[in-house]
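Trainee: File start10.tsv follows (TSV, C-alpha atoms):
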```tsv
chain	number	residue	atom	x	y	z
A	1	MET	CA	50.69	65.88	-47.13
A	2	GLN	CA	50.10	66.39	-43.43
A	3	ASN	CA	51.05	63.46	-41.21
A	4	TYR	CA	48.02	61.19	-40.93
A	5	ARG	CA	47.66	57.83	-39.29
A	6	ALA	CA	47.06	54.80	-41.48
A	7	PHE	CA	43.45	54.03	-40.63
A	8	ILE	CA	39.87	54.70	-41.73
A	9	THR	CA	37.33	55.10	-38.97
A	10	GLY	CA	33.57	55.00	-38.61
A	11	LEU	CA	31.43	57.37	-36.55
A	12	ALA	CA	28.71	56.74	-34.00
A	13	GLY	CA	25.78	58.67	-35.43
A	14	PRO	CA	24.49	61.32	-37.82
A	15	ARG	CA	26.40	64.19	-36.21
A	16	LEU	CA	30.04	64.63	-35.32
A	17	ASN	CA	30.11	64.74	-31.54
A	18	GLY	CA	32.62	66.38	-29.22
A	19	GLU	CA	34.39	63.16	-28.33
A	20	GLU	CA	34.85	62.35	-32.00
A	21	LYS	CA	36.22	65.82	-32.73
A	22	SER	CA	38.81	65.32	-29.97
A	23	PHE	CA	39.61	61.85	-31.35
A	24	ILE	CA	40.20	63.28	-34.83
A	25	ALA	CA	42.42	66.02	-33.45
A	26	GLU	CA	44.48	63.52	-31.44
A	27	TYR	CA	44.78	60.62	-33.88
A	28	ALA	CA	44.44	62.21	-37.35
A	29	PRO	CA	42.77	59.36	-39.28
A	30	TRP	CA	43.44	59.25	-43.01
A	31	GLY	CA	39.78	58.67	-43.91
A	32	PHE	CA	36.24	58.01	-42.74
A	33	VAL	CA	33.46	55.56	-43.61
A	34	LEU	CA	29.74	56.19	-43.21
A	35	PHE	CA	26.93	53.68	-42.70
A	36	ALA	CA	23.14	53.75	-42.41
A	37	ARG	CA	23.37	54.96	-38.79
A	38	ASN	CA	25.18	58.08	-40.07
A	39	ILE	CA	22.62	58.85	-42.80
A	40	LYS	CA	19.30	60.63	-42.26
A	41	THR	CA	18.65	63.48	-44.71
A	42	ALA	CA	20.44	65.11	-47.62
A	43	ALA	CA	21.23	68.24	-45.61
A	44	GLN	CA	22.43	66.18	-42.64
A	45	ILE	CA	24.84	64.10	-44.77
A	46	LYS	CA	26.34	67.21	-46.36
A	47	THR	CA	26.71	68.84	-42.95
A	48	LEU	CA	28.39	65.77	-41.47
A	49	ILE	CA	30.91	65.50	-44.32
A	50	ASP	CA	31.52	69.27	-44.23
A	51	ASP	CA	32.17	68.99	-40.50
A	52	LEU	CA	34.67	66.20	-41.15
A	53	ARG	CA	36.44	68.41	-43.67
A	54	LYS	CA	36.58	71.25	-41.18
A	55	ALA	CA	37.84	68.96	-38.42
A	56	THR	CA	40.64	67.64	-40.64
A	57	GLY	CA	41.30	70.73	-42.76
A	58	ARG	CA	41.16	68.60	-45.93
A	59	GLN	CA	39.05	69.55	-48.92
A	60	HIS	CA	39.54	66.22	-50.69
A	61	LEU	CA	39.10	64.13	-47.57
A	62	PRO	CA	38.57	60.41	-48.32
A	63	VAL	CA	35.01	59.67	-47.16
A	64	PHE	CA	33.99	56.10	-48.02
A	65	ILE	CA	30.70	54.29	-48.33
A	66	ASP	CA	29.49	50.86	-49.46
A	67	GLN	CA	27.22	51.70	-52.37
A	68	GLU	CA	27.14	48.62	-54.58
A	69	GLY	CA	23.43	48.42	-55.41
A	70	GLY	CA	21.21	45.52	-54.47
A	71	ARG	CA	21.56	44.34	-50.86
A	72	VAL	CA	24.54	46.58	-50.11
A	73	GLN	CA	23.43	50.16	-50.57
A	74	ARG	CA	23.73	52.63	-47.70
A	75	LEU	CA	22.04	55.51	-49.53
A	76	LYS	CA	18.44	54.55	-50.30
A	77	PRO	CA	15.45	56.42	-51.71
A	78	PRO	CA	14.81	59.29	-51.54
A	79	LEU	CA	18.53	60.00	-51.06
A	80	ALA	CA	19.53	57.83	-54.02
A	81	PRO	CA	17.72	55.40	-56.33
A	82	ASN	CA	17.69	51.68	-55.70
A	83	TYR	CA	20.25	50.23	-58.09
A	84	PRO	CA	20.20	46.62	-59.30
A	85	ALA	CA	22.55	44.08	-57.79
A	86	ALA	CA	25.70	43.25	-59.70
A	87	ALA	CA	24.27	39.85	-60.70
A	88	GLN	CA	21.52	41.62	-62.65
A	89	ILE	CA	24.17	43.44	-64.66
A	90	GLY	CA	25.87	40.09	-65.17
A	91	ALA	CA	22.63	38.56	-66.42
A	92	LEU	CA	22.30	41.28	-69.04
A	93	TYR	CA	25.93	40.74	-70.03
A	94	ARG	CA	25.18	37.06	-70.66
A	95	GLN	CA	22.41	38.07	-73.07
A	96	ASN	CA	24.20	40.96	-74.77
A	97	ARG	CA	27.83	41.70	-74.01
A	98	GLN	CA	27.84	45.31	-75.16
A	99	GLN	CA	24.63	46.17	-73.33
A	100	GLY	CA	25.98	44.57	-70.17
A	101	LEU	CA	29.20	46.57	-70.35
A	102	ARG	CA	27.29	49.78	-70.93
A	103	ALA	CA	24.92	49.04	-68.03
A	104	ALA	CA	27.87	48.42	-65.70
A	105	TRP	CA	29.43	51.75	-66.71
A	106	LEU	CA	26.16	53.67	-66.41
A	107	LYS	CA	25.31	52.22	-63.02
A	108	ALA	CA	28.70	53.12	-61.56
A	109	ARG	CA	28.73	56.57	-63.17
A	110	LEU	CA	25.30	57.35	-61.75
A	111	ILE	CA	26.31	56.05	-58.32
A	112	ALA	CA	29.34	58.33	-58.47
A	113	LEU	CA	27.06	61.24	-59.32
A	114	ASP	CA	24.85	60.44	-56.33
A	115	LEU	CA	27.79	60.15	-53.95
A	116	ARG	CA	29.64	63.27	-55.06
A	117	ARG	CA	26.43	65.24	-54.62
A	118	TYR	CA	26.64	64.64	-50.86
A	119	GLY	CA	30.41	64.96	-50.56
A	120	PHE	CA	31.52	61.31	-50.63
A	121	THR	CA	34.81	60.78	-52.39
A	122	ALA	CA	35.27	56.98	-52.34
A	123	ASP	CA	33.22	53.82	-52.85
A	124	PHE	CA	34.05	50.25	-51.85
A	125	MET	CA	33.46	48.93	-55.35
A	126	PRO	CA	33.93	46.97	-57.65
A	127	LEU	CA	33.40	43.60	-56.00
A	128	LEU	CA	35.52	41.10	-57.96
A	129	ASP	CA	34.75	37.95	-56.01
A	130	LEU	CA	34.06	34.85	-58.10
A	131	PRO	CA	31.32	32.77	-56.43
A	132	VAL	CA	31.24	28.98	-56.60
A	133	ALA	CA	28.40	26.54	-56.00
A	134	GLY	CA	27.86	25.89	-52.30
A	135	SER	CA	29.52	29.07	-51.06
A	136	HIS	CA	27.89	31.31	-48.46
A	137	GLN	CA	25.36	33.79	-49.82
A	138	ILE	CA	27.08	36.74	-48.12
A	139	ILE	CA	28.51	37.35	-51.59
A	140	GLY	CA	25.74	35.80	-53.71
A	141	ASP	CA	24.16	38.32	-56.07
A	142	ARG	CA	26.71	40.95	-55.09
A	143	ALA	CA	29.01	39.20	-57.60
A	144	TYR	CA	28.68	40.04	-61.28
A	145	ASP	CA	28.87	36.44	-62.42
A	146	SER	CA	30.42	33.06	-61.75
A	147	ARG	CA	32.39	33.34	-65.00
A	148	LEU	CA	35.86	34.83	-64.82
A	149	GLU	CA	35.70	36.76	-68.08
A	150	ALA	CA	32.44	38.48	-67.12
A	151	VAL	CA	33.70	39.53	-63.68
A	152	ILE	CA	36.82	41.06	-65.19
A	153	ALA	CA	34.98	42.89	-67.97
A	154	LEU	CA	32.22	44.29	-65.76
A	155	GLY	CA	34.61	45.14	-62.95
A	156	ARG	CA	36.76	47.08	-65.39
A	157	GLU	CA	33.81	49.15	-66.65
A	158	THR	CA	32.73	49.86	-63.09
A	159	ALA	CA	36.19	51.08	-62.13
A	160	LYS	CA	36.45	53.29	-65.21
A	161	ALA	CA	33.08	54.87	-64.49
A	162	LEU	CA	33.88	55.55	-60.84
A	163	ARG	CA	37.09	57.26	-61.88
A	164	ALA	CA	35.21	59.33	-64.47
A	165	GLY	CA	32.92	60.36	-61.63
A	166	GLY	CA	35.82	61.53	-59.46
A	167	LEU	CA	35.60	58.71	-56.91
A	168	LEU	CA	38.35	56.57	-55.45
A	169	ALA	CA	37.43	52.96	-56.28
A	170	VAL	CA	38.38	50.03	-54.03
A	171	MET	CA	38.27	46.48	-55.40
A	172	LYS	CA	37.24	43.79	-52.96
A	173	HIS	CA	37.75	41.29	-51.41
A	174	ILE	CA	41.30	40.53	-52.44
A	175	PRO	CA	42.44	37.81	-53.09
A	176	GLY	CA	38.88	36.45	-53.34
A	177	HIS	CA	35.86	35.85	-51.09
A	178	GLY	CA	33.66	33.90	-53.49
A	179	ARG	CA	34.63	30.44	-52.26
A	180	ALA	CA	34.00	31.07	-48.54
A	181	ALA	CA	31.42	28.85	-46.84
A	182	ALA	CA	30.88	31.21	-43.89
A	183	ASP	CA	29.94	34.84	-43.28
A	184	THR	CA	33.14	36.53	-42.08
A	185	HIS	CA	31.11	39.19	-40.27
A	186	LYS	CA	30.17	36.43	-37.81
A	187	GLU	CA	32.82	33.69	-37.89
A	188	PRO	CA	36.08	32.53	-39.47
A	189	ALA	CA	36.00	31.17	-43.02
A	190	ARG	CA	38.46	28.62	-44.37
A	191	VAL	CA	39.21	27.71	-47.98
A	192	ASN	CA	41.16	24.50	-48.60
A	193	THR	CA	41.36	24.77	-52.40
A	194	ALA	CA	44.69	24.05	-54.09
A	195	LYS	CA	46.97	26.94	-55.08
A	196	GLU	CA	46.77	26.08	-58.77
A	197	VAL	CA	42.97	26.33	-58.73
A	198	LEU	CA	42.92	29.56	-56.75
A	199	GLN	CA	45.39	31.18	-59.11
A	200	LYS	CA	43.21	30.37	-62.13
A	201	THR	CA	39.89	31.33	-60.52
A	202	ASP	CA	39.56	33.36	-57.31
A	203	PHE	CA	42.76	35.36	-57.72
A	204	ALA	CA	42.44	35.95	-61.46
A	205	PRO	CA	39.98	38.91	-61.52
A	206	PHE	CA	42.24	40.84	-59.16
A	207	ALA	CA	45.31	40.01	-61.21
A	208	ALA	CA	43.58	41.18	-64.38
A	209	LEU	CA	42.69	44.57	-62.86
A	210	ALA	CA	45.66	45.02	-60.52
A	211	ALA	CA	47.24	47.69	-62.69
A	212	LEU	CA	43.98	49.62	-63.14
A	213	LEU	CA	42.61	49.84	-59.60
A	214	PRO	CA	44.40	52.11	-57.11
A	215	ALA	CA	43.15	50.42	-53.93
A	216	ALA	CA	41.96	47.05	-52.65
A	217	MET	CA	40.26	45.66	-49.54
A	218	THR	CA	41.37	42.34	-48.07
A	219	ALA	CA	39.27	39.24	-47.49
A	220	HIS	CA	39.14	37.86	-43.94
A	221	ILE	CA	39.55	34.38	-45.42
A	222	ILE	CA	42.00	31.65	-44.34
A	223	TYR	CA	43.56	30.16	-47.48
A	224	GLU	CA	44.94	26.91	-46.12
A	225	ALA	CA	47.20	26.31	-49.11
A	226	TYR	CA	49.17	29.44	-48.18
A	227	ASP	CA	48.64	30.00	-44.46
A	228	ALA	CA	46.47	27.62	-42.43
A	229	GLY	CA	46.67	29.74	-39.30
A	230	ASN	CA	45.83	33.27	-40.41
A	231	ALA	CA	43.18	35.04	-42.45
A	232	ALA	CA	44.56	36.97	-45.42
A	233	THR	CA	44.28	40.27	-43.55
A	234	LEU	CA	46.72	38.98	-40.92
A	235	SER	CA	48.89	36.81	-43.17
A	236	LYS	CA	52.32	37.85	-44.37
A	237	ALA	CA	52.28	34.86	-46.72
A	238	VAL	CA	49.02	35.80	-48.39
A	239	ILE	CA	49.74	39.52	-48.63
A	240	GLY	CA	53.39	39.13	-49.63
A	241	GLN	CA	53.22	36.09	-51.87
A	242	VAL	CA	49.69	36.18	-53.25
A	243	ILE	CA	48.52	39.81	-53.31
A	244	ARG	CA	51.80	41.55	-53.98
A	245	ARG	CA	53.57	38.93	-56.13
A	246	GLU	CA	51.17	36.43	-57.73
A	247	ILE	CA	48.36	38.94	-58.25
A	248	GLY	CA	50.84	41.76	-58.78
A	249	PHE	CA	48.89	44.43	-56.92
A	250	ASP	CA	51.09	47.32	-55.82
A	251	GLY	CA	48.34	49.74	-54.87
A	252	LEU	CA	46.88	50.81	-51.54
A	253	LEU	CA	45.90	47.75	-49.50
A	254	MET	CA	43.36	48.22	-46.73
A	255	SER	CA	41.93	45.65	-44.36
A	256	ASP	CA	38.29	44.72	-44.34
A	257	ASP	CA	36.56	45.88	-41.15
A	258	LEU	CA	38.69	44.82	-38.18
A	259	SER	CA	35.63	44.50	-35.95
A	260	MET	CA	34.35	41.49	-37.94
A	261	GLN	CA	34.32	38.23	-36.03
A	262	ALA	CA	36.38	36.26	-38.54
A	263	LEU	CA	39.49	37.68	-36.88
A	264	PRO	CA	40.87	36.56	-33.50
A	265	GLY	CA	42.19	38.68	-30.67
A	266	THR	CA	41.54	42.19	-29.45
A	267	LEU	CA	41.12	45.19	-31.73
A	268	ALA	CA	44.64	46.30	-30.83
A	269	GLU	CA	46.01	42.87	-31.76
A	270	ARG	CA	44.07	42.85	-35.01
A	271	ALA	CA	45.34	46.30	-35.96
A	272	LYS	CA	48.94	45.45	-35.15
A	273	GLY	CA	48.61	42.14	-36.97
A	274	SER	CA	47.20	43.71	-40.13
A	275	PHE	CA	50.10	46.15	-40.41
A	276	ALA	CA	52.67	43.48	-39.58
A	277	ALA	CA	51.20	41.32	-42.35
A	278	GLY	CA	51.53	44.12	-44.91
A	279	CYS	CA	48.31	46.14	-44.97
A	280	ASP	CA	48.79	49.85	-45.64
A	281	ILE	CA	45.53	50.96	-43.98
A	282	ALA	CA	43.37	49.55	-41.19
A	283	LEU	CA	39.60	49.85	-41.55
A	284	HIS	CA	37.37	50.04	-38.48
A	285	CYS	CA	33.69	50.67	-39.06
A	286	ASN	CA	31.38	50.40	-36.05
A	287	GLY	CA	31.93	53.82	-34.45
A	288	ALA	CA	32.56	52.42	-30.94
A	289	MET	CA	34.98	54.87	-29.36
A	290	ALA	CA	36.99	52.43	-27.23
A	291	GLU	CA	37.59	50.24	-30.29
A	292	MET	CA	38.40	53.29	-32.43
A	293	GLN	CA	41.03	54.37	-29.93
A	294	ALA	CA	42.57	50.89	-29.82
A	295	VAL	CA	42.89	50.75	-33.61
A	296	ALA	CA	44.15	54.34	-33.82
A	297	ALA	CA	46.80	53.84	-31.14
A	298	HIS	CA	48.28	50.93	-33.08
A	299	SER	CA	48.11	52.52	-36.53
A	300	PRO	CA	51.39	54.01	-37.75
A	301	TYR	CA	51.75	57.39	-39.38
A	302	LEU	CA	51.74	57.21	-43.16
A	303	ALA	CA	55.23	57.00	-44.60
A	304	GLY	CA	57.29	55.22	-47.23
A	305	GLN	CA	55.50	52.91	-49.66
A	306	ALA	CA	52.15	53.30	-47.90
A	307	LEU	CA	52.30	57.08	-48.32
A	308	ALA	CA	53.22	56.76	-52.00
A	309	ARG	CA	50.28	54.39	-52.53
A	310	ILE	CA	47.98	56.82	-50.71
A	311	GLU	CA	49.02	59.64	-53.01
A	312	ARG	CA	48.37	57.54	-56.12
A	313	ALA	CA	44.96	56.51	-54.78
A	314	GLU	CA	43.99	60.07	-53.92
A	315	SER	CA	44.68	61.14	-57.50
A	316	TRP	CA	41.34	59.50	-58.38
A	317	ILE	CA	39.50	62.05	-56.20
A	318	THR	CA	38.91	64.77	-58.78
A	319	ALA	CA	36.15	67.10	-59.90
A	320	PRO	CA	34.16	65.09	-62.47
A	321	ALA	CA	33.19	66.43	-65.86
A	322	GLU	CA	29.61	67.57	-66.36
A	323	ILE	CA	27.20	64.92	-67.64
A	324	ASP	CA	23.61	64.87	-68.82
A	325	GLU	CA	22.14	63.10	-65.80
A	326	GLN	CA	18.64	62.78	-67.20
A	327	ALA	CA	19.93	61.23	-70.43
A	328	LEU	CA	22.14	58.73	-68.60
A	329	ARG	CA	19.35	57.69	-66.25
A	330	ALA	CA	17.00	57.22	-69.20
A	331	GLU	CA	19.60	55.13	-71.03
A	332	PHE	CA	20.19	52.97	-67.96
A	333	ALA	CA	16.45	52.48	-67.45
A	334	GLY	CA	16.22	51.36	-71.08
A	335	LEU	CA	18.86	48.71	-70.50
A	336	MET	CA	17.58	47.72	-67.05
A	337	PRO	CA	13.82	48.36	-67.16
A	338	ALA	CA	13.25	46.96	-63.66
A	339	ALA	CA	15.62	49.54	-62.16
A	340	ALA	CA	13.90	52.73	-61.01
A	341	VAL	CA	16.77	55.17	-61.44
```
Turn the structure described in the file into structure tokens.
Mentor:
Amino acid sequence: MQNYRAFITGLAGPRLNGEEKSFIAEYAPWGFVLFARNIKTAAQIKTLIDDLRKATGRQHLPVFIDQEGGRVQRLKPPLAPNYPAAAQIGALYRQNRQQGLRAAWLKARLIALDLRRYGFTADFMPLLDLPVAGSHQIIGDRAYDSRLEAVIALGRETAKALRAGGLLAVMKHIPGHGRAAADTHKEPARVNTAKEVLQKTDFAPFAALAALLPAAMTAHIIYEAYDAGNAATLSKAVIGQVIRREIGFDGLLMSDDLSMQALPGTLAERAKGSFAAGCDIALHCNGAMAEMQAVAAHSPYLAGQALARIERAESWITAPAEIDEQALRAEFAGLMPAAAV
């Protein structure tokens, strides 16, 4: 593997501009993430991702997107169908376990088909957060259920389907965002729940799937029982003790977006802090060049354990087997009649 820096970067718009090409050549980011501002037409998306491949010289370049269904879906009609939120899959699971499991698999497999069609190779899914009463609705219906067993079962099917579709899957938000009372895009969020409770609830879905999933995204949450001064992304205690030991996750650990306002300090300080705490990859999403340069300049080159985790994660990016798309969409529509897929 060529020497890449340990960060994922966003882009400013629907085309790769000259400044961004120079940035890529200078800083060699490991991967890219696209948002609605980068997405216009089918041909444009394919061209943008092809241009990224040309700029990096990498055929299996990690190109990420948030395509969960429901409120968080960057590709919308006519580029991709509107998929139901995770909570709708969870509701079916409550009624009929086998139908719910099948719906979770079908939804993720069809999303993978959509994404690979444009050249995406990774999705920030499954979301394994376990919501509790009174928590902020930033998670809300993005969660499969408030029951641990359901989140684990549906998250597992989602991960299996994404892998079958040749996508790198990233579980989020480790070690758990469901108890937060604030939106971490806008402000810090603190959780003062006891360790024993967290271990049996919030942390448990991630522990159950730690050996299956190759990658995880951190939560910008302050868990006061472990580290009252730092969000998980910047906490050696949370990453070392909770994520790596208690949860037992030894895969690729990336930060949530470093430009979110839950984190203190400058972008350079946030990037340095995330690596010092134990993150393998820094994620920066907004496409602002000055911020991109600050994160890039403080992102190390991939080496050691981080490089080994990268290689394991990239093994999920494969050419998927052929499927009968029409049959799968019809089956999914039969299970989820309100979903126009």
Trainee: Please, what is the axis-aligned box for every listed atom of segment 151-170 of chain A with 3 Å on each side, as centre and edge lengths in Å to one decimal, as lines of an AutoDock Vina configuration file?
Mentor:
```
center_x = 35.3
center_y = 50.5
center_z = -61.0
size_x = 12.2
size_y = 28.0
size_z = 19.9
```
Trainee: When you look at Leu263 of chain A with a cut-off of 12 Å (counting only C-alpha atoms), what residues show up, excluding the ones that are within fewer than 3 positions of it in the same chain? I need them as number ranges by chain.
Mentor: A: 183-190, 219-222, 229-235, 255-260, 266-271, 273-274
Trainee: Please compute the atom CA of Val238 of chain A-atom CA of Pro175 of chain A distance, one decimal, in Å.
Mentor: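 Taking atom CA of Val238 of chain A as the start and atom CA of Pro175 of chain A as the end point, the length is 8.3 Å.
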Trainee: What lies within 10 Å of Lys272 of chain A using only C-alpha atoms, ignoring chain neighbours under 5 positions off, as a list of chain:residue names?
Mentor: A:Leu234, A:Thr266, A:Leu267, A:Ala277, A:Cys279, A:Ala282, A:Ala294, A:Val295, A:Ala297, A:His298, A:Ser299, A:Pro300
Trainee: May I ask for the distance between atom CA of Ser146 of chain A and atom CA of Leu335 of chain A, given in Å to one decimal place?
Mentor: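 Separating atom CA of Ser146 of chain A from atom CA of Leu335 of chain A is a distance of 21.3 Å.
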Trainee: Near segment 126-137 of chain A, within 10 Å and counting all atoms listed in the file, which residues show up once chain neighbours fewer than 5 positions away are dropped, as number ranges by chain?
Mentor: A: 67-68, 86, 108, 142-148, 150-152, 154-159, 162, 169-184, 189, 201-206, 209, 213, 216-217, 219
Trainee: At what distance in Å, to one decimal, does atom CA of Ala122 of chain A lie from atom CA of Leu75 of chain A?
Mentor: 13.6 Å
Trainee: When you count only C-alpha atoms, which of these residues is closest to Gln73 of chain A: A:Ala87, A:Ala42, A:Ile138, A:Ile111?
Mentor: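 Closest to Gln73 of chain A of all the choices is A:Ile111.
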Trainee: I'd like to know which of A:Leu52, A:Ile24, A:Cys285, A:Ala327 is closest to Ile8 of chain A, using only C-alpha atoms.
Mentor: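 Counting only C-alpha atoms, the residue closest to Ile8 of chain A is A:Cys285.
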Trainee: Taking 4 positions as the minimum chain separation for residues in the same chain, which residues sit within 12 Å of Gln98 of chain A when counting only C-alpha atoms? Answer as a list of chain:residue names.
Mentor: A:Ile89, A:Gly90, A:Leu92, A:Tyr93, A:Arg94, A:Arg102, A:Ala103, A:Ala104, A:Trp105, A:Ala150, A:Ala153, A:Leu154, A:Glu157, A:Leu335
Trainee: Ranking A:Lys236, A:Arg109, A:Arg245, A:Lys195 by minimum distance to Ile323 of chain A and counting all atoms listed in the file, which one comes first?
Mentor: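 Smallest distance to Ile323 of chain A is found for A:Arg109.
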Trainee: For Asp114 of chain A, which residue out of A:Gly140, A:Thr41, A:Gly165, A:Gly287 is the nearest one, using all atoms listed in the file?
Mentor: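 For Asp114 of chain A, the nearest of the candidates is A:Gly165.
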